[in-house]
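Shown next: my_file.cif, given as mmCIF, N, CA and C atoms.
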```cif
data_start
loop_
_atom_site.label_atom_id
_atom_site.label_comp_id
_atom_site.auth_asym_id
_atom_site.auth_seq_id
_atom_site.Cartn_x
_atom_site.Cartn_y
_atom_site.Cartn_z
N GLN A 1 -26.08 -6.08 -1.76
CA GLN A 1 -24.75 -6.65 -1.92
C GLN A 1 -24.09 -6.77 -0.56
N GLU A 2 -23.71 -8.02 -0.18
CA GLU A 2 -23.11 -8.22 1.12
C GLU A 2 -21.60 -8.05 1.10
N GLN A 3 -20.99 -8.23 -0.05
CA GLN A 3 -19.54 -8.24 -0.13
C GLN A 3 -18.96 -6.86 0.12
N PRO A 4 -18.07 -6.74 1.12
CA PRO A 4 -17.43 -5.45 1.35
C PRO A 4 -16.42 -5.14 0.26
N VAL A 5 -16.10 -3.89 0.07
CA VAL A 5 -15.14 -3.45 -0.92
C VAL A 5 -14.00 -2.74 -0.23
N GLU A 6 -12.81 -3.35 -0.30
CA GLU A 6 -11.62 -2.77 0.32
C GLU A 6 -10.79 -2.02 -0.73
N SER A 7 -10.10 -0.97 -0.28
CA SER A 7 -9.24 -0.21 -1.17
C SER A 7 -8.14 0.46 -0.37
N GLY A 8 -7.15 0.99 -1.09
CA GLY A 8 -6.10 1.77 -0.46
C GLY A 8 -4.75 1.08 -0.38
N GLY A 9 -4.70 -0.20 -0.70
CA GLY A 9 -3.42 -0.90 -0.66
C GLY A 9 -2.48 -0.42 -1.76
N ASP A 10 -1.19 -0.55 -1.51
CA ASP A 10 -0.20 -0.06 -2.47
C ASP A 10 1.17 -0.61 -2.09
N LEU A 11 2.15 -0.27 -2.92
CA LEU A 11 3.55 -0.57 -2.63
C LEU A 11 4.19 0.68 -2.03
N VAL A 12 4.74 0.55 -0.83
CA VAL A 12 5.37 1.69 -0.17
C VAL A 12 6.71 1.25 0.42
N GLN A 13 7.55 2.22 0.70
CA GLN A 13 8.81 1.94 1.35
C GLN A 13 8.61 1.85 2.86
N ALA A 14 9.50 1.13 3.50
CA ALA A 14 9.45 1.04 4.96
C ALA A 14 9.47 2.45 5.56
N GLY A 15 8.64 2.64 6.58
CA GLY A 15 8.51 3.94 7.19
C GLY A 15 7.39 4.79 6.62
N GLY A 16 6.83 4.34 5.52
CA GLY A 16 5.76 5.08 4.88
C GLY A 16 4.40 4.83 5.52
N SER A 17 3.38 5.43 4.91
CA SER A 17 2.01 5.34 5.44
C SER A 17 1.03 4.99 4.34
N LEU A 18 -0.04 4.33 4.75
CA LEU A 18 -1.16 4.05 3.87
C LEU A 18 -2.45 4.16 4.66
N ARG A 19 -3.54 4.43 3.96
CA ARG A 19 -4.85 4.45 4.57
C ARG A 19 -5.77 3.50 3.80
N LEU A 20 -6.21 2.47 4.48
CA LEU A 20 -7.12 1.52 3.87
C LEU A 20 -8.55 1.90 4.19
N SER A 21 -9.44 1.62 3.25
CA SER A 21 -10.86 1.88 3.47
C SER A 21 -11.68 0.66 3.08
N CYS A 22 -12.80 0.50 3.74
CA CYS A 22 -13.71 -0.60 3.44
C CYS A 22 -15.13 -0.05 3.50
N VAL A 23 -15.85 -0.27 2.42
CA VAL A 23 -17.27 0.07 2.41
C VAL A 23 -18.05 -1.24 2.51
N ALA A 24 -18.84 -1.34 3.56
CA ALA A 24 -19.61 -2.56 3.79
C ALA A 24 -21.10 -2.27 3.61
N SER A 25 -21.86 -3.34 3.46
CA SER A 25 -23.30 -3.14 3.35
C SER A 25 -23.85 -2.62 4.67
N ARG A 26 -24.92 -1.89 4.59
CA ARG A 26 -25.53 -1.33 5.78
C ARG A 26 -25.89 -2.43 6.78
N THR A 27 -26.38 -3.53 6.28
CA THR A 27 -26.80 -4.63 7.14
C THR A 27 -25.64 -5.15 7.98
N ILE A 28 -24.50 -5.32 7.33
CA ILE A 28 -23.33 -5.83 8.03
C ILE A 28 -22.76 -4.78 8.96
N PHE A 29 -22.58 -3.61 8.43
CA PHE A 29 -21.84 -2.58 9.15
C PHE A 29 -22.54 -2.13 10.41
N ARG A 30 -23.81 -1.90 10.35
CA ARG A 30 -24.50 -1.26 11.46
C ARG A 30 -24.89 -2.22 12.57
N ALA A 31 -24.57 -3.49 12.40
CA ALA A 31 -24.94 -4.47 13.43
C ALA A 31 -23.74 -5.07 14.13
N ASN A 32 -22.54 -4.76 13.67
CA ASN A 32 -21.41 -5.53 14.13
C ASN A 32 -20.15 -4.74 14.44
N THR A 33 -19.35 -5.36 15.30
CA THR A 33 -17.96 -4.93 15.43
C THR A 33 -17.27 -5.23 14.10
N MET A 34 -16.44 -4.30 13.66
CA MET A 34 -15.71 -4.46 12.40
C MET A 34 -14.22 -4.55 12.68
N GLY A 35 -13.52 -5.18 11.75
CA GLY A 35 -12.08 -5.31 11.96
C GLY A 35 -11.33 -5.47 10.65
N TRP A 36 -10.03 -5.38 10.75
CA TRP A 36 -9.13 -5.64 9.62
C TRP A 36 -8.30 -6.87 9.95
N VAL A 37 -8.33 -7.81 9.03
CA VAL A 37 -7.57 -9.05 9.17
C VAL A 37 -6.59 -9.12 8.01
N ARG A 38 -5.36 -9.50 8.28
CA ARG A 38 -4.40 -9.59 7.20
C ARG A 38 -3.87 -11.00 7.04
N GLN A 39 -3.46 -11.31 5.82
CA GLN A 39 -2.87 -12.61 5.56
C GLN A 39 -1.64 -12.45 4.70
N ALA A 40 -0.52 -12.82 5.27
CA ALA A 40 0.74 -12.81 4.55
C ALA A 40 0.98 -14.18 3.93
N PRO A 41 1.77 -14.24 2.86
CA PRO A 41 2.04 -15.52 2.21
C PRO A 41 2.60 -16.56 3.18
N GLY A 42 1.98 -17.72 3.21
CA GLY A 42 2.46 -18.80 4.05
C GLY A 42 2.13 -18.67 5.52
N LYS A 43 1.35 -17.64 5.87
CA LYS A 43 1.02 -17.42 7.28
C LYS A 43 -0.49 -17.45 7.48
N GLN A 44 -0.89 -17.67 8.72
CA GLN A 44 -2.32 -17.66 9.04
C GLN A 44 -2.83 -16.23 9.08
N ARG A 45 -4.13 -16.10 8.92
CA ARG A 45 -4.73 -14.77 9.01
C ARG A 45 -4.55 -14.22 10.42
N GLU A 46 -4.34 -12.91 10.49
CA GLU A 46 -4.11 -12.24 11.76
C GLU A 46 -5.05 -11.04 11.88
N LEU A 47 -5.79 -10.98 12.98
CA LEU A 47 -6.61 -9.81 13.26
C LEU A 47 -5.69 -8.70 13.74
N VAL A 48 -5.65 -7.59 13.04
CA VAL A 48 -4.75 -6.51 13.43
C VAL A 48 -5.45 -5.40 14.18
N ALA A 49 -6.72 -5.17 13.92
CA ALA A 49 -7.43 -4.10 14.60
C ALA A 49 -8.93 -4.34 14.52
N SER A 50 -9.64 -3.90 15.55
CA SER A 50 -11.10 -4.01 15.55
C SER A 50 -11.71 -2.79 16.21
N ILE A 51 -12.96 -2.53 15.87
CA ILE A 51 -13.67 -1.39 16.43
C ILE A 51 -15.13 -1.76 16.64
N THR A 52 -15.63 -1.48 17.83
CA THR A 52 -17.00 -1.82 18.16
C THR A 52 -17.98 -0.77 17.61
N LEU A 53 -19.24 -1.05 17.76
CA LEU A 53 -20.27 -0.11 17.31
C LEU A 53 -20.15 1.23 18.02
N SER A 54 -19.72 1.21 19.26
CA SER A 54 -19.58 2.44 20.03
C SER A 54 -18.21 3.07 19.91
N GLY A 55 -17.33 2.46 19.12
CA GLY A 55 -16.02 3.06 18.87
C GLY A 55 -14.86 2.53 19.69
N GLY A 56 -15.10 1.53 20.50
CA GLY A 56 -14.01 0.93 21.24
C GLY A 56 -13.08 0.17 20.31
N THR A 57 -11.77 0.30 20.55
CA THR A 57 -10.79 -0.29 19.63
C THR A 57 -9.86 -1.26 20.33
N ASN A 58 -9.34 -2.19 19.55
CA ASN A 58 -8.31 -3.12 19.99
C ASN A 58 -7.32 -3.34 18.87
N TYR A 59 -6.07 -3.56 19.24
CA TYR A 59 -5.02 -3.74 18.25
C TYR A 59 -4.13 -4.93 18.61
N ALA A 60 -3.63 -5.58 17.57
CA ALA A 60 -2.60 -6.59 17.79
C ALA A 60 -1.34 -5.90 18.30
N ASP A 61 -0.59 -6.60 19.12
CA ASP A 61 0.64 -6.01 19.66
C ASP A 61 1.59 -5.56 18.56
N SER A 62 1.58 -6.27 17.45
CA SER A 62 2.50 -5.97 16.35
C SER A 62 2.23 -4.63 15.68
N VAL A 63 1.04 -4.06 15.87
CA VAL A 63 0.71 -2.81 15.19
C VAL A 63 0.37 -1.68 16.16
N LYS A 64 0.34 -1.94 17.44
CA LYS A 64 0.00 -0.91 18.42
C LYS A 64 0.93 0.29 18.28
N GLY A 65 0.32 1.47 18.30
CA GLY A 65 1.10 2.69 18.19
C GLY A 65 1.39 3.10 16.76
N ARG A 66 1.10 2.20 15.80
CA ARG A 66 1.37 2.52 14.39
C ARG A 66 0.10 2.57 13.55
N PHE A 67 -0.87 1.73 13.89
CA PHE A 67 -2.12 1.65 13.14
C PHE A 67 -3.26 2.26 13.95
N THR A 68 -4.21 2.86 13.24
CA THR A 68 -5.40 3.40 13.88
C THR A 68 -6.63 3.01 13.06
N ILE A 69 -7.59 2.38 13.73
CA ILE A 69 -8.83 2.00 13.06
C ILE A 69 -9.92 3.00 13.42
N SER A 70 -10.78 3.28 12.45
CA SER A 70 -11.89 4.19 12.69
C SER A 70 -13.08 3.74 11.85
N ARG A 71 -14.26 4.24 12.20
CA ARG A 71 -15.44 3.91 11.42
C ARG A 71 -16.31 5.15 11.25
N ASP A 72 -16.95 5.22 10.10
CA ASP A 72 -17.89 6.29 9.80
C ASP A 72 -19.25 5.63 9.64
N ASN A 73 -20.05 5.74 10.67
CA ASN A 73 -21.32 5.03 10.67
C ASN A 73 -22.30 5.59 9.64
N ALA A 74 -22.14 6.83 9.25
CA ALA A 74 -23.03 7.42 8.25
C ALA A 74 -22.73 6.89 6.86
N LYS A 75 -21.47 6.49 6.64
CA LYS A 75 -21.05 6.04 5.31
C LYS A 75 -20.80 4.54 5.25
N ASN A 76 -21.08 3.83 6.35
CA ASN A 76 -20.83 2.38 6.40
C ASN A 76 -19.39 2.05 6.03
N THR A 77 -18.47 2.84 6.52
CA THR A 77 -17.05 2.71 6.15
C THR A 77 -16.19 2.48 7.39
N VAL A 78 -15.22 1.60 7.25
CA VAL A 78 -14.22 1.41 8.28
C VAL A 78 -12.84 1.62 7.65
N ASN A 79 -12.02 2.38 8.33
CA ASN A 79 -10.71 2.75 7.80
C ASN A 79 -9.59 2.23 8.68
N LEU A 80 -8.42 2.09 8.07
CA LEU A 80 -7.23 1.70 8.82
C LEU A 80 -6.09 2.59 8.39
N GLN A 81 -5.68 3.49 9.26
CA GLN A 81 -4.53 4.34 9.01
C GLN A 81 -3.29 3.59 9.48
N MET A 82 -2.35 3.40 8.56
CA MET A 82 -1.15 2.64 8.87
C MET A 82 0.07 3.53 8.71
N ASN A 83 0.78 3.76 9.78
CA ASN A 83 1.98 4.58 9.77
C ASN A 83 3.21 3.74 10.13
N SER A 84 4.36 4.28 9.84
CA SER A 84 5.62 3.60 10.16
C SER A 84 5.60 2.14 9.69
N LEU A 85 5.22 1.96 8.46
CA LEU A 85 5.06 0.61 7.93
C LEU A 85 6.39 -0.13 7.89
N LYS A 86 6.30 -1.44 8.11
CA LYS A 86 7.47 -2.31 8.12
C LYS A 86 7.29 -3.41 7.06
N PRO A 87 8.37 -3.97 6.59
CA PRO A 87 8.24 -5.07 5.60
C PRO A 87 7.34 -6.19 6.10
N GLU A 88 7.34 -6.45 7.40
CA GLU A 88 6.50 -7.53 7.94
C GLU A 88 5.02 -7.19 7.94
N ASP A 89 4.67 -5.96 7.56
CA ASP A 89 3.25 -5.60 7.40
C ASP A 89 2.73 -6.03 6.03
N THR A 90 3.60 -6.48 5.17
CA THR A 90 3.20 -6.92 3.84
C THR A 90 2.18 -8.06 3.93
N ALA A 91 1.03 -7.86 3.32
CA ALA A 91 -0.05 -8.85 3.39
C ALA A 91 -1.23 -8.36 2.56
N VAL A 92 -2.20 -9.24 2.38
CA VAL A 92 -3.50 -8.81 1.88
C VAL A 92 -4.36 -8.50 3.10
N TYR A 93 -4.97 -7.35 3.09
CA TYR A 93 -5.78 -6.88 4.20
C TYR A 93 -7.26 -7.01 3.84
N TYR A 94 -8.00 -7.65 4.74
CA TYR A 94 -9.43 -7.90 4.53
C TYR A 94 -10.26 -7.21 5.60
N CYS A 95 -11.34 -6.63 5.16
CA CYS A 95 -12.32 -6.06 6.07
C CYS A 95 -13.22 -7.19 6.57
N ASN A 96 -13.43 -7.27 7.88
CA ASN A 96 -14.22 -8.34 8.47
C ASN A 96 -15.28 -7.79 9.41
N ALA A 97 -16.32 -8.59 9.58
CA ALA A 97 -17.33 -8.30 10.59
C ALA A 97 -17.35 -9.43 11.60
N TYR A 98 -17.57 -9.09 12.86
CA TYR A 98 -17.64 -10.12 13.91
C TYR A 98 -19.08 -10.53 14.06
N VAL A 99 -19.40 -11.70 13.53
CA VAL A 99 -20.78 -12.17 13.46
C VAL A 99 -20.88 -13.58 14.03
N GLY A 100 -21.79 -13.77 14.96
CA GLY A 100 -21.99 -15.10 15.51
C GLY A 100 -20.78 -15.70 16.16
N GLY A 101 -19.95 -14.84 16.76
CA GLY A 101 -18.79 -15.33 17.48
C GLY A 101 -17.57 -15.61 16.63
N ARG A 102 -17.59 -15.20 15.38
CA ARG A 102 -16.43 -15.41 14.54
C ARG A 102 -16.29 -14.26 13.55
N TRP A 103 -15.06 -14.09 13.06
CA TRP A 103 -14.78 -13.06 12.07
C TRP A 103 -15.07 -13.63 10.69
N THR A 104 -15.72 -12.83 9.86
CA THR A 104 -16.02 -13.26 8.51
C THR A 104 -15.80 -12.11 7.54
N ASP A 105 -15.26 -12.44 6.35
CA ASP A 105 -14.96 -11.39 5.38
C ASP A 105 -16.03 -11.27 4.30
N TYR A 106 -17.05 -12.09 4.34
CA TYR A 106 -18.14 -12.04 3.37
C TYR A 106 -17.63 -12.09 1.93
N GLY A 107 -16.48 -12.69 1.72
CA GLY A 107 -15.98 -12.87 0.36
C GLY A 107 -15.32 -11.65 -0.25
N GLY A 108 -14.98 -10.67 0.58
CA GLY A 108 -14.29 -9.50 0.05
C GLY A 108 -12.95 -9.88 -0.59
N GLN A 109 -12.52 -9.11 -1.55
CA GLN A 109 -11.30 -9.41 -2.29
C GLN A 109 -10.03 -9.00 -1.55
N GLY A 110 -10.18 -8.12 -0.59
CA GLY A 110 -9.00 -7.65 0.12
C GLY A 110 -8.24 -6.61 -0.68
N THR A 111 -7.23 -6.03 -0.05
CA THR A 111 -6.38 -5.05 -0.72
C THR A 111 -4.92 -5.35 -0.34
N GLN A 112 -4.06 -5.35 -1.35
CA GLN A 112 -2.66 -5.75 -1.15
C GLN A 112 -1.82 -4.60 -0.63
N VAL A 113 -1.13 -4.84 0.46
CA VAL A 113 -0.16 -3.90 1.00
C VAL A 113 1.22 -4.54 0.89
N THR A 114 2.12 -3.85 0.23
CA THR A 114 3.49 -4.35 0.10
C THR A 114 4.45 -3.27 0.59
N VAL A 115 5.28 -3.64 1.55
CA VAL A 115 6.24 -2.70 2.13
C VAL A 115 7.65 -3.16 1.79
N SER A 116 8.37 -2.34 1.08
CA SER A 116 9.73 -2.69 0.68
C SER A 116 10.74 -2.16 1.70
N SER A 117 11.82 -2.88 1.85
CA SER A 117 12.83 -2.48 2.84
C SER A 117 13.85 -1.54 2.23
#
```
Mind turning this structure into structure tokens?
Amino acid sequence: QEQPVESGGDLVQAGGSLRLSCVASRTIFRANTMGWVRQAPGKQRELVASITLSGGTNYADSVKGRFTISRDNAKNTVNLQMNSLKPEDTAVYYCNAYVGGRWTDYGGQGTQVTVSS
């Protein structure tokens, strides 16, 4: 099964925290940089965080200092710890792999994060 499975999304108040998890297939996970991409209604998808095979990380300016991405190579899992959430973080969050020079979600369903003010 190639489709990753995302979980952990919920409705939270501004200032709250959530932890998203993604379980990907071994084939995808162990060969690629992984990332979290979000899509808010009416907006383009945005890469918020990525992590390389060796653990190097990058973050969008909008989430720096608030979000932390990590990966567990033994469990083929990539996580996103989200703190100090803001209403503008509201979106569907998708687990992605960087393959062939582009980000792809392999058809994952994503997980909904809603932050109320």
Residues within 8 Å of (-12.9, -3.1, 12.8), counting only N, CA and C atoms, listed as a PyMOL selection string: chain A and resi 32-37+48-52+57-58+69-71+78-79+95-98
Computed interatomic separation between atom CA of A:Gly65 and atom N of A:Gly107 (Å): 28.6 Å
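For the choices A:Glu2, A:Asp61, A:Asp89, A:Asp105, the atom-to-atom distance to A:Leu47 is smallest for A:Asp61 when using all atoms listed in the file.
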Expected selection from the PyMOL selection byres ((chain A and resi 14) around 8), given as a ChimeraX atom specification: /A:11-13,15-17,83-87,114-117
Given the selection you just returned, output its residues as a file containing N, CA and C atoms, formatted as a JSON list (two decimals), in the coordinates of the input.
```json
[["chain", "number", "residue", "atom", "x", "y", "z"],
["A", 11, "LEU", "N", 2.15, -0.27, -2.92],
["A", 11, "LEU", "CA", 3.55, -0.57, -2.63],
["A", 11, "LEU", "C", 4.19, 0.68, -2.03],
["A", 12, "VAL", "N", 4.74, 0.55, -0.83],
["A", 12, "VAL", "CA", 5.37, 1.69, -0.17],
["A", 12, "VAL", "C", 6.71, 1.25, 0.42],
["A", 13, "GLN", "N", 7.55, 2.22, 0.70],
["A", 13, "GLN", "CA", 8.81, 1.94, 1.35],
["A", 13, "GLN", "C", 8.61, 1.85, 2.86],
["A", 15, "GLY", "N", 8.64, 2.64, 6.58],
["A", 15, "GLY", "CA", 8.51, 3.94, 7.19],
["A", 15, "GLY", "C", 7.39, 4.79, 6.62],
["A", 16, "GLY", "N", 6.83, 4.34, 5.52],
["A", 16, "GLY", "CA", 5.76, 5.08, 4.88],
["A", 16, "GLY", "C", 4.40, 4.83, 5.52],
["A", 17, "SER", "N", 3.38, 5.43, 4.91],
["A", 17, "SER", "CA", 2.01, 5.34, 5.44],
["A", 17, "SER", "C", 1.03, 4.99, 4.34],
["A", 83, "ASN", "N", 0.78, 3.76, 9.78],
["A", 83, "ASN", "CA", 1.98, 4.58, 9.77],
["A", 83, "ASN", "C", 3.21, 3.74, 10.13],
["A", 84, "SER", "N", 4.36, 4.28, 9.84],
["A", 84, "SER", "CA", 5.62, 3.60, 10.16],
["A", 84, "SER", "C", 5.60, 2.14, 9.69],
["A", 85, "LEU", "N", 5.22, 1.96, 8.46],
["A", 85, "LEU", "CA", 5.06, 0.61, 7.93],
["A", 85, "LEU", "C", 6.39, -0.13, 7.89],
["A", 86, "LYS", "N", 6.30, -1.44, 8.11],
["A", 86, "LYS", "CA", 7.47, -2.31, 8.12],
["A", 86, "LYS", "C", 7.29, -3.41, 7.06],
["A", 87, "PRO", "N", 8.37, -3.97, 6.59],
["A", 87, "PRO", "CA", 8.24, -5.07, 5.60],
["A", 87, "PRO", "C", 7.34, -6.19, 6.10],
["A", 114, "THR", "N", 2.12, -3.85, 0.23],
["A", 114, "THR", "CA", 3.49, -4.35, 0.10],
["A", 114, "THR", "C", 4.45, -3.27, 0.59],
["A", 115, "VAL", "N", 5.28, -3.64, 1.55],
["A", 115, "VAL", "CA", 6.24, -2.70, 2.13],
["A", 115, "VAL", "C", 7.65, -3.16, 1.79],
["A", 116, "SER", "N", 8.37, -2.34, 1.08],
["A", 116, "SER", "CA", 9.73, -2.69, 0.68],
["A", 116, "SER", "C", 10.74, -2.16, 1.70],
["A", 117, "SER", "N", 11.82, -2.88, 1.85],
["A", 117, "SER", "CA", 12.83, -2.48, 2.84],
["A", 117, "SER", "C", 13.85, -1.54, 2.23]]
```
Those of stretch 6-110 of chain A in DSSP strand (DSSP E), formatted as a PyMOL selection string: chain A and resi 6-7+11-13+18-23+33-39+46-51+57-59+67-72+77-82+91-99+102-104
Would you write out those residues with N, CA and C atoms, as a compact mmCIF listing (two decimals), keeping the file's coordinate frame?
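Output contents, as saved in selection_5.txt:
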```
# COMPACT_ATOMS: atom_id res chain seq x y z
N GLU A 6 -12.81 -3.35 -0.30
CA GLU A 6 -11.62 -2.77 0.32
C GLU A 6 -10.79 -2.02 -0.73
N SER A 7 -10.10 -0.97 -0.28
CA SER A 7 -9.24 -0.21 -1.17
C SER A 7 -8.14 0.46 -0.37
N LEU A 11 2.15 -0.27 -2.92
CA LEU A 11 3.55 -0.57 -2.63
C LEU A 11 4.19 0.68 -2.03
N VAL A 12 4.74 0.55 -0.83
CA VAL A 12 5.37 1.69 -0.17
C VAL A 12 6.71 1.25 0.42
N GLN A 13 7.55 2.22 0.70
CA GLN A 13 8.81 1.94 1.35
C GLN A 13 8.61 1.85 2.86
N LEU A 18 -0.04 4.33 4.75
CA LEU A 18 -1.16 4.05 3.87
C LEU A 18 -2.45 4.16 4.66
N ARG A 19 -3.54 4.43 3.96
CA ARG A 19 -4.85 4.45 4.57
C ARG A 19 -5.77 3.50 3.80
N LEU A 20 -6.21 2.47 4.48
CA LEU A 20 -7.12 1.52 3.87
C LEU A 20 -8.55 1.90 4.19
N SER A 21 -9.44 1.62 3.25
CA SER A 21 -10.86 1.88 3.47
C SER A 21 -11.68 0.66 3.08
N CYS A 22 -12.80 0.50 3.74
CA CYS A 22 -13.71 -0.60 3.44
C CYS A 22 -15.13 -0.05 3.50
N VAL A 23 -15.85 -0.27 2.42
CA VAL A 23 -17.27 0.07 2.41
C VAL A 23 -18.05 -1.24 2.51
N THR A 33 -19.35 -5.36 15.30
CA THR A 33 -17.96 -4.93 15.43
C THR A 33 -17.27 -5.23 14.10
N MET A 34 -16.44 -4.30 13.66
CA MET A 34 -15.71 -4.46 12.40
C MET A 34 -14.22 -4.55 12.68
N GLY A 35 -13.52 -5.18 11.75
CA GLY A 35 -12.08 -5.31 11.96
C GLY A 35 -11.33 -5.47 10.65
N TRP A 36 -10.03 -5.38 10.75
CA TRP A 36 -9.13 -5.64 9.62
C TRP A 36 -8.30 -6.87 9.95
N VAL A 37 -8.33 -7.81 9.03
CA VAL A 37 -7.57 -9.05 9.17
C VAL A 37 -6.59 -9.12 8.01
N ARG A 38 -5.36 -9.50 8.28
CA ARG A 38 -4.40 -9.59 7.20
C ARG A 38 -3.87 -11.00 7.04
N GLN A 39 -3.46 -11.31 5.82
CA GLN A 39 -2.87 -12.61 5.56
C GLN A 39 -1.64 -12.45 4.70
N GLU A 46 -4.34 -12.91 10.49
CA GLU A 46 -4.11 -12.24 11.76
C GLU A 46 -5.05 -11.04 11.88
N LEU A 47 -5.79 -10.98 12.98
CA LEU A 47 -6.61 -9.81 13.26
C LEU A 47 -5.69 -8.70 13.74
N VAL A 48 -5.65 -7.59 13.04
CA VAL A 48 -4.75 -6.51 13.43
C VAL A 48 -5.45 -5.40 14.18
N ALA A 49 -6.72 -5.17 13.92
CA ALA A 49 -7.43 -4.10 14.60
C ALA A 49 -8.93 -4.34 14.52
N SER A 50 -9.64 -3.90 15.55
CA SER A 50 -11.10 -4.01 15.55
C SER A 50 -11.71 -2.79 16.21
N ILE A 51 -12.96 -2.53 15.87
CA ILE A 51 -13.67 -1.39 16.43
C ILE A 51 -15.13 -1.76 16.64
N THR A 57 -11.77 0.30 20.55
CA THR A 57 -10.79 -0.29 19.63
C THR A 57 -9.86 -1.26 20.33
N ASN A 58 -9.34 -2.19 19.55
CA ASN A 58 -8.31 -3.12 19.99
C ASN A 58 -7.32 -3.34 18.87
N TYR A 59 -6.07 -3.56 19.24
CA TYR A 59 -5.02 -3.74 18.25
C TYR A 59 -4.13 -4.93 18.61
N PHE A 67 -0.87 1.73 13.89
CA PHE A 67 -2.12 1.65 13.14
C PHE A 67 -3.26 2.26 13.95
N THR A 68 -4.21 2.86 13.24
CA THR A 68 -5.40 3.40 13.88
C THR A 68 -6.63 3.01 13.06
N ILE A 69 -7.59 2.38 13.73
CA ILE A 69 -8.83 2.00 13.06
C ILE A 69 -9.92 3.00 13.42
N SER A 70 -10.78 3.28 12.45
CA SER A 70 -11.89 4.19 12.69
C SER A 70 -13.08 3.74 11.85
N ARG A 71 -14.26 4.24 12.20
CA ARG A 71 -15.44 3.91 11.42
C ARG A 71 -16.31 5.15 11.25
N ASP A 72 -16.95 5.22 10.10
CA ASP A 72 -17.89 6.29 9.80
C ASP A 72 -19.25 5.63 9.64
N THR A 77 -18.47 2.84 6.52
CA THR A 77 -17.05 2.71 6.15
C THR A 77 -16.19 2.48 7.39
N VAL A 78 -15.22 1.60 7.25
CA VAL A 78 -14.22 1.41 8.28
C VAL A 78 -12.84 1.62 7.65
N ASN A 79 -12.02 2.38 8.33
CA ASN A 79 -10.71 2.75 7.80
C ASN A 79 -9.59 2.23 8.68
N LEU A 80 -8.42 2.09 8.07
CA LEU A 80 -7.23 1.70 8.82
C LEU A 80 -6.09 2.59 8.39
N GLN A 81 -5.68 3.49 9.26
CA GLN A 81 -4.53 4.34 9.01
C GLN A 81 -3.29 3.59 9.48
N MET A 82 -2.35 3.40 8.56
CA MET A 82 -1.15 2.64 8.87
C MET A 82 0.07 3.53 8.71
N ALA A 91 1.03 -7.86 3.32
CA ALA A 91 -0.05 -8.85 3.39
C ALA A 91 -1.23 -8.36 2.56
N VAL A 92 -2.20 -9.24 2.38
CA VAL A 92 -3.50 -8.81 1.88
C VAL A 92 -4.36 -8.50 3.10
N TYR A 93 -4.97 -7.35 3.09
CA TYR A 93 -5.78 -6.88 4.20
C TYR A 93 -7.26 -7.01 3.84
N TYR A 94 -8.00 -7.65 4.74
CA TYR A 94 -9.43 -7.90 4.53
C TYR A 94 -10.26 -7.21 5.60
N CYS A 95 -11.34 -6.63 5.16
CA CYS A 95 -12.32 -6.06 6.07
C CYS A 95 -13.22 -7.19 6.57
N ASN A 96 -13.43 -7.27 7.88
CA ASN A 96 -14.22 -8.34 8.47
C ASN A 96 -15.28 -7.79 9.41
N ALA A 97 -16.32 -8.59 9.58
CA ALA A 97 -17.33 -8.30 10.59
C ALA A 97 -17.35 -9.43 11.60
N TYR A 98 -17.57 -9.09 12.86
CA TYR A 98 -17.64 -10.12 13.91
C TYR A 98 -19.08 -10.53 14.06
N VAL A 99 -19.40 -11.70 13.53
CA VAL A 99 -20.78 -12.17 13.46
C VAL A 99 -20.88 -13.58 14.03
N ARG A 102 -17.59 -15.20 15.38
CA ARG A 102 -16.43 -15.41 14.54
C ARG A 102 -16.29 -14.26 13.55
N TRP A 103 -15.06 -14.09 13.06
CA TRP A 103 -14.78 -13.06 12.07
C TRP A 103 -15.07 -13.63 10.69
N THR A 104 -15.72 -12.83 9.86
CA THR A 104 -16.02 -13.26 8.51
C THR A 104 -15.80 -12.11 7.54
```
Reference answer for the PyMOL selection byres (((chain A and resi 75 and name CA) around 12) and name CA), as a list of chain:residue names: A:Ser21, A:Cys22, A:Val23, A:Ala24, A:Ser25, A:Arg26, A:Phe29, A:Arg30, A:Ser70, A:Arg71, A:Asp72, A:Asn73, A:Ala74, A:Asn76, A:Thr77, A:Val78, A:Asn79
DSSP alpha helix (DSSP H) selection over chain A, as an MDAnalysis selection string: chainID A and resid 26:29
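One finds atom C of A:Val99 at 29.0 Å from atom N of A:Leu18.
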